[in-house]
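A short worksheet on the structure shown next.
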Amino acid sequence: MSRNNKRARLEMSSEDEYEEEATTRPSSSSSSSSQRAVKIQPDDDGSYAEDLERVVKAVCRYALSCEYKKKTIRRDDLNKLLSEPLKKSLNLLLSQAQAKLRHVFGLELVELPNLKEKSNQSQTQRHGGSGSTQTEQTQQQVPSFSQAIARPSGGSSGTYVLRSILKEEYRTPDIIERSTREYQMTGILYVLLALLFLNGQNMNTEDLNGHMDRLKLTKTIHGVEGINTREELLQEFIRDGYLRRSKLPDPDTDEPQFTYTWGPRAMVEVGHAGITAFIINFFGDDLDEDTKQGLSRKIFKQAGYIQQR
C-alpha cells in the first residue's frame, strides 16, 4: 500500500473523532482503529514526530476499550500494535498516553502486581482458616492511615489497568452517573473485600458462604441484573480480577472447596488503606484523627500486620 493511502487512512482518526470516541463507551471497533492508527511511515526527515500524537491517542483508545470490558492491558499486546520502528519508543508512548489519560479522563495506567502465594504463609492461612494469627516472619508493617495506597511487591507483571484519580468531591452521583447495578456490585464487592481483609486476608468457601448467607446473598440472588446465583456473582468478581480463588486439596466434603483472596485489580483500585477507610466510615463521620488512627491499627492487626516501631 502506498504511503498516501496510509496517510489517508490515518486522517480518519481526527481530533474530533478522538474526542467523540473518548467520551463514549469504547467498543471492539475502537481497538481495531487503534491497530490501524499505529502502523505509520516515517516522515520525510526520517523521524516519527508528526504521527506521535496520533499514536498516543490510539493507545488511549485501546486502553479505554480494554477497561470498559474489564480486560487487562498487556504490554505485549501494546507492542503488537506498533510498527517496528516505534517499538523502541513504547515507554515514551506510554508516558505520553498516561499524561493524556490523566488530563482528559481522570484516569491513570497502573501496573498490576504479581500475586503469588507467599511461601512463608502459615498452614492456617494457606488453607483458608479463620485464624488470623501469624508468626513474626509473616507479619508486615502497618501503613499509616493517611499514607497513600501502597502497591504490593512481587515483581513486574507486564499488565495494566486504568484507575480513577479523581478527587472524592468529583465522584458524587451528581457528576458521575452510574447504573443501579454498578452501585449494587460495588457495594457487595467492598463488603466482601473487607471481610477477607479482616479474616487474615483470605477465607475458605464455608466461611465465605456463611457470611454471604447472613448478607442475604444466598445460593439464589434476586434484584441484581444479570446475577441469579451466588456462584455467578463470585465468578464475575473473579473474572474482573477483584477476587482470586484457589482450590484446596483433599476437601472433607463432596463439593470442591476453595480459598478466596484479593485479586490484583482490587489491590490497585481499592488497596488495604482504601478498604480500611471504608470500614472506618461505618463508625460515623465525627471521629477525630487519633481515633481513626487507632481503629486503623486495630484493623491492620486483625488482618495480620504488626504495628510499626
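Going by the C-alpha cells order, chains are called A, B, ..., each with residues numbered from 1, while ligands are numbered from 1 in the order shown.
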
Contacts of Val224 (chain A) at 12 Å or less, counting only C-alpha atoms, minus same-chain residues fewer than 3 places along, as a CSV table (one decimal) with all heavy atoms, in the first residue's frame?
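Contents of the output file part-v1.csv:
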```csv
chain,number,residue,atom,x,y,z
A,179,SER,N,-25.0,3.2,37.0
A,179,SER,CA,-26.2,2.4,36.9
A,179,SER,C,-26.5,1.8,38.3
A,179,SER,O,-25.6,1.7,39.1
A,179,SER,CB,-26.0,1.2,35.9
A,179,SER,OG,-25.0,0.3,36.3
A,180,THR,N,-27.7,1.4,38.5
A,180,THR,CA,-28.1,0.8,39.8
A,180,THR,C,-27.3,-0.5,40.0
A,180,THR,O,-26.8,-0.8,41.1
A,180,THR,CB,-29.6,0.4,39.8
A,180,THR,OG1,-30.3,1.6,39.7
A,180,THR,CG2,-30.0,-0.3,41.1
A,181,ARG,N,-27.0,-1.3,38.9
A,181,ARG,CA,-26.3,-2.5,39.0
A,181,ARG,C,-24.8,-2.2,39.5
A,181,ARG,O,-24.3,-3.0,40.3
A,181,ARG,CB,-26.3,-3.2,37.7
A,181,ARG,CG,-25.6,-4.6,37.7
A,181,ARG,CD,-25.5,-5.2,36.3
A,181,ARG,NE,-25.1,-6.6,36.4
A,181,ARG,CZ,-23.8,-7.0,36.5
A,181,ARG,NH1,-22.8,-6.2,36.6
A,181,ARG,NH2,-23.6,-8.3,36.6
A,182,GLU,N,-24.2,-1.2,39.0
A,182,GLU,CA,-22.9,-0.9,39.3
A,182,GLU,C,-22.8,-0.5,40.8
A,182,GLU,O,-21.8,-0.9,41.5
A,182,GLU,CB,-22.3,0.3,38.5
A,182,GLU,CG,-20.8,0.6,38.7
A,182,GLU,CD,-20.3,1.6,37.7
A,182,GLU,OE1,-21.0,2.0,36.8
A,182,GLU,OE2,-19.1,1.9,37.9
A,183,TYR,N,-23.7,0.3,41.3
A,183,TYR,CA,-23.8,0.6,42.8
A,183,TYR,C,-23.9,-0.7,43.6
A,183,TYR,O,-23.3,-0.9,44.6
A,183,TYR,CB,-24.9,1.5,43.1
A,183,TYR,CG,-24.6,3.0,42.8
A,183,TYR,CD1,-25.3,3.7,41.9
A,183,TYR,CD2,-23.5,3.6,43.5
A,183,TYR,CE1,-25.0,5.0,41.6
A,183,TYR,CE2,-23.2,5.0,43.2
A,183,TYR,CZ,-24.0,5.7,42.3
A,183,TYR,OH,-23.7,7.0,42.0
A,184,GLN,N,-24.8,-1.6,43.1
A,184,GLN,CA,-25.0,-2.8,43.9
A,184,GLN,C,-23.8,-3.7,43.9
A,184,GLN,O,-23.4,-4.2,45.0
A,184,GLN,CB,-26.2,-3.6,43.2
A,184,GLN,CG,-27.5,-3.0,43.4
A,184,GLN,CD,-28.6,-3.7,42.6
A,184,GLN,OE1,-28.3,-4.3,41.5
A,184,GLN,NE2,-29.8,-3.7,43.1
A,185,MET,N,-23.2,-3.9,42.7
A,185,MET,CA,-22.0,-4.7,42.7
A,185,MET,C,-20.8,-4.1,43.4
A,185,MET,O,-20.0,-4.9,44.1
A,185,MET,CB,-21.6,-5.0,41.2
A,185,MET,CG,-22.6,-5.8,40.4
A,185,MET,SD,-22.8,-7.5,41.0
A,185,MET,CE,-21.3,-8.2,40.3
A,186,THR,N,-20.6,-2.8,43.4
A,186,THR,CA,-19.6,-2.2,44.1
A,186,THR,C,-19.8,-2.3,45.6
A,186,THR,O,-18.8,-2.6,46.4
A,186,THR,CB,-19.4,-0.7,43.7
A,186,THR,OG1,-19.2,-0.6,42.3
A,186,THR,CG2,-18.3,0.0,44.5
A,187,GLY,N,-21.0,-2.1,46.1
A,187,GLY,CA,-21.3,-2.3,47.5
A,187,GLY,C,-21.0,-3.7,48.0
A,187,GLY,O,-20.4,-3.9,49.0
A,188,ILE,N,-21.5,-4.7,47.2
A,188,ILE,CA,-21.2,-6.1,47.6
A,188,ILE,C,-19.7,-6.4,47.6
A,188,ILE,O,-19.2,-7.0,48.5
A,188,ILE,CB,-22.0,-7.0,46.6
A,188,ILE,CG1,-23.5,-6.9,46.8
A,188,ILE,CG2,-21.6,-8.5,46.9
A,188,ILE,CD1,-24.3,-7.6,45.7
A,217,LEU,N,-27.1,-13.0,50.6
A,217,LEU,CA,-26.6,-13.4,49.3
A,217,LEU,C,-26.5,-14.9,49.3
A,217,LEU,O,-25.4,-15.5,49.3
A,217,LEU,CB,-25.2,-12.7,49.1
A,217,LEU,CG,-25.1,-11.2,49.1
A,217,LEU,CD1,-23.7,-10.7,49.1
A,217,LEU,CD2,-25.9,-10.7,47.9
A,220,THR,N,-29.4,-18.5,45.7
A,220,THR,CA,-30.2,-17.8,44.7
A,220,THR,C,-30.3,-16.3,45.0
A,220,THR,O,-30.6,-15.9,46.2
A,220,THR,CB,-31.7,-18.3,44.6
A,220,THR,OG1,-31.6,-19.7,44.3
A,220,THR,CG2,-32.5,-17.6,43.5
A,221,ILE,N,-29.9,-15.4,44.1
A,221,ILE,CA,-29.9,-14.0,44.3
A,221,ILE,C,-30.9,-13.3,43.5
A,221,ILE,O,-31.0,-13.6,42.3
A,221,ILE,CB,-28.4,-13.5,44.0
A,221,ILE,CG1,-27.4,-14.0,45.0
A,221,ILE,CG2,-28.4,-11.9,44.1
A,221,ILE,CD1,-26.0,-13.6,44.8
A,227,ILE,N,-27.4,-11.3,37.5
A,227,ILE,CA,-26.9,-12.3,38.5
A,227,ILE,C,-28.0,-13.0,39.1
A,227,ILE,O,-29.0,-12.4,39.7
A,227,ILE,CB,-26.1,-11.5,39.6
A,227,ILE,CG1,-25.0,-10.7,39.1
A,227,ILE,CG2,-25.7,-12.4,40.7
A,227,ILE,CD1,-23.9,-11.6,38.5
A,228,ASN,N,-28.0,-14.3,39.0
A,228,ASN,CA,-29.1,-15.2,39.6
A,228,ASN,C,-28.6,-16.1,40.7
A,228,ASN,O,-29.4,-16.5,41.5
A,228,ASN,CB,-29.7,-16.1,38.4
A,228,ASN,CG,-30.3,-15.2,37.3
A,228,ASN,OD1,-31.1,-14.3,37.6
A,228,ASN,ND2,-29.9,-15.5,36.1
A,229,THR,N,-27.3,-16.4,40.7
A,229,THR,CA,-26.8,-17.3,41.8
A,229,THR,C,-25.6,-16.6,42.4
A,229,THR,O,-24.9,-15.8,41.9
A,229,THR,CB,-26.5,-18.6,41.2
A,229,THR,OG1,-25.4,-18.5,40.3
A,229,THR,CG2,-27.6,-19.3,40.5
A,230,ARG,N,-25.3,-17.2,43.6
A,230,ARG,CA,-24.0,-16.7,44.3
A,230,ARG,C,-22.8,-17.0,43.5
A,230,ARG,O,-21.9,-16.2,43.5
A,230,ARG,CB,-24.0,-17.4,45.7
A,230,ARG,CG,-22.8,-16.9,46.5
A,230,ARG,CD,-23.0,-17.2,48.0
A,230,ARG,NE,-23.3,-18.6,48.3
A,230,ARG,CZ,-23.9,-19.0,49.4
A,230,ARG,NH1,-24.2,-18.1,50.3
A,230,ARG,NH2,-24.1,-20.2,49.6
A,232,GLU,N,-22.5,-17.1,40.2
A,232,GLU,CA,-22.4,-16.1,39.2
A,232,GLU,C,-21.8,-14.8,39.7
A,232,GLU,O,-21.0,-14.2,39.0
A,232,GLU,CB,-23.7,-15.9,38.5
A,232,GLU,CG,-24.3,-17.1,37.7
A,232,GLU,CD,-25.7,-16.8,37.2
A,232,GLU,OE1,-26.2,-15.7,37.4
A,232,GLU,OE2,-26.2,-17.6,36.4
A,233,LEU,N,-22.2,-14.5,40.9
A,233,LEU,CA,-21.7,-13.2,41.5
A,233,LEU,C,-20.2,-13.3,41.7
A,233,LEU,O,-19.4,-12.5,41.3
A,233,LEU,CB,-22.4,-13.0,42.8
A,233,LEU,CG,-21.9,-11.8,43.6
A,233,LEU,CD1,-22.4,-10.5,43.0
A,233,LEU,CD2,-22.5,-11.8,45.1
```

Taking 4 positions as the minimum chain separation for residues in the same chain, which residues sit within 8 Å of Leu248 (chain A) when counting only C-alpha atoms? Answer as a list in words. His127, Pro256, Gln257, Phe258 and Thr259 of chain A

Please write the residues from the selection above to a file, keeping C-alpha atoms, as a JSON list (two decimals), in the first residue's frame.
```json
[["chain", "number", "residue", "atom", "x", "y", "z"],
["A", 127, "HIS", "CA", -5.99, -23.40, 53.77],
["A", 256, "PRO", "CA", -14.83, -28.67, 45.93],
["A", 257, "GLN", "CA", -13.51, -26.19, 48.46],
["A", 258, "PHE", "CA", -11.58, -23.02, 47.68],
["A", 259, "THR", "CA", -9.58, -20.27, 49.33]]
```

May I have all residues of region 65-305 of chain A that DSSP, computed from the backbone, assigns to strand (DSSP E or B), given as number ranges by chain? A: 73-74, 107-113, 141, 156-164, 203-204, 220, 229, 243-247, 258-262

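Of the listed residues A:Asp285, A:Val55, A:Gly210, A:Leu107, the one whose atoms come nearest to Ser83 (chain A) is A:Val55, with distances taken using only C-alpha atoms.
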
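The nearest approach to Thr218 (chain A) among the residues A:Ala273, A:Leu112, A:Leu234, A:Cys60, with only C-alpha atoms taken into account, belongs to A:Leu234.
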
Would you list the contacts of Ala97 (chain A) as an MDAnalysis selection string, taking every protein, DNA or RNA residue within 10 Å and counting only C-alpha atoms, but skipping same-chain residues closer than 6 positions in sequence? chainID A and resid 53 55:61 63 91 103 108:109
